[in-house]
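Participant: The structure's right below; bear with me while I get my questions together.
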Amino acid sequence: MRPQASPPEHLLSLARQVLDIEADALHALSSRLDAGFAGAVQLILDCSGRVVVTGMGKSGHIGGKIAATLASTGTPAFFMHPGEASHGDLGMIAPNDVVLALSNSGESNEIVSIVPLIKRRGAKLITMTGNPNSTMAREADVHLNAGVDKEACPLNLAPTASTTAALALGDALAVALLDARGFSADDFARTHPGGSLGRRLLIHVRDVMHSGEELPKIDRDASLKTALLEMTKKGLGMTAVVDAADRVVGLFTDGDLRRTLEIAFDLQQAKIADVMTRNPKTIRADELAVAAVEKMETLKINGLLVVNEDNTLVGALNMHDLLKAGVV
């Protein structure tokens, strides 16, 4: 006989209860933070090696995430399975490393058994447990108390609130270290080159702009007809208007063309200076491409001219270029 799902009201009530228990656990954890946390941060900052994170079972899953977060935010770290440590992986630990060991009970046999060996190798030990009187807590150089009053599991057995607390405490540790190291957005991008974060943080305007022969531009004395031909040829939906020194004096876009057609203009005789947008919005080549996206969205425009410090035209780009580069 297949189990029957509980009524939606009961399911929602249970879900809210779980979230409330875990939220309460985090609030209690926040109020309990003390000098031990600062000591753990300093121990890692003073470390010339790496942070070796270890944990068994669900604590191991949380430890893997903490190691990944540390590594991606400027603190070299990796995860070591405590069971494998007793069969050779202990060789991963060097004297100048810091070991961060997780266990809710603080009595995990696989970790307790290797604590003397960790200390013998000369590595420092930070433990994160739910029991400040446990073996792991007593043997640590620094202990972080991640204890919770109860699990969110109705049986008070499955690791739920305790793993949430450990994960949050690991995030707090990583962020504190990030701040202490002065870890920047550019640093973050270098550890995330393959994803959208890397694209957004590493790509500059110069990487996506059109320049050289692809750059649409006409002289300020040119006719409207010349502008239309240049726009058609270059295909960016706009053309820059420049003076004899290539300094930007105006911009003519598809939108300007539509507005021009709404009034009685002789398209054959009109000069671009009569219909262009003067003092157009521009951007520098060394700015991040995401800055160009933000400017376009704020101004509700689809393209920008790229200029140097003396307003000389060096490039142009539109929203399609940014979409193609994966920045948007």
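Convention: chains lettered A, B, ... in structure tokens order; per-chain residue numbering from 1; ligands numbered from 1 as shown.
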Residues within 10 Å of A:Ser48, please, as a list in words. Count only C-alpha atoms; anything in the same chain fewer than 4 positions from it doesn't count.
Facilitator: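 My list of contacting residues is Ile44, Pro76, Pro95, Asn96, Asp97 and Val98 of chain A.
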Participant: Using only C-alpha atoms, determine which residues lie at most 6 Å from A:Ala316, disregarding the query and same-chain residues fewer than 3 positions distant; provide the list as a list in words.
Facilitator: Met209, His210, Leu304, Leu305 and Val306 of chain A
Participant: From the DSSP assignment of the backbone, select every residue of stretch 17-260 of chain A that is strand (DSSP E), and format the answer as number ranges by chain.
Facilitator: A: 51-55, 77-79, 98-103, 124-129, 142-145, 217-219, 238-242, 248-253
Participant: Given the choices A:Asn109, A:Thr164, A:Asn145, A:Thr75, which gets closest to A:Ile21 if the distance is worked out from only C-alpha atoms?
Facilitator: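 Among the listed residues, A:Thr164 lies closest to A:Ile21.
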Participant: A:Ala85, A:Leu177, A:Leu102, A:Ala123: which is nearest A:Thr69, counting only C-alpha atoms?
Facilitator: A:Leu177
Participant: Using only C-alpha atoms, determine which residues lie at most 12 Å from A:His87, disregarding the query and same-chain residues fewer than 5 positions distant; provide the list as a PyMOL selection string.
Facilitator: chain A and resi 80-82+92+110+114
Participant: Which of these, A:Val41, A:Leu14, A:Val53, A:Ala325, has the shortest distance to A:Ala172 once you count only C-alpha atoms?
Facilitator: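 Once distances to A:Ala172 are computed over only C-alpha atoms, the minimum belongs to A:Val41.
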Participant: What's the 10 Å shell around A:Lys119, counting only C-alpha atoms, without same-chain residues fewer than 5 positions away, as a count of residues only?
Facilitator: 8
Participant: Interatomic distance between atom CA of A:Leu169 and atom CA of A:Leu11?
Facilitator: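 Atom CA of A:Leu11 lies 28.8 Å from atom CA of A:Leu169.
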Participant: Leaving out A:Leu26 and any residue of its chain fewer than 3 positions from it, which residues lie within 6 Å of it when counting only C-alpha atoms, given as a PyMOL selection string?
Facilitator: chain A and resi 23+29+165
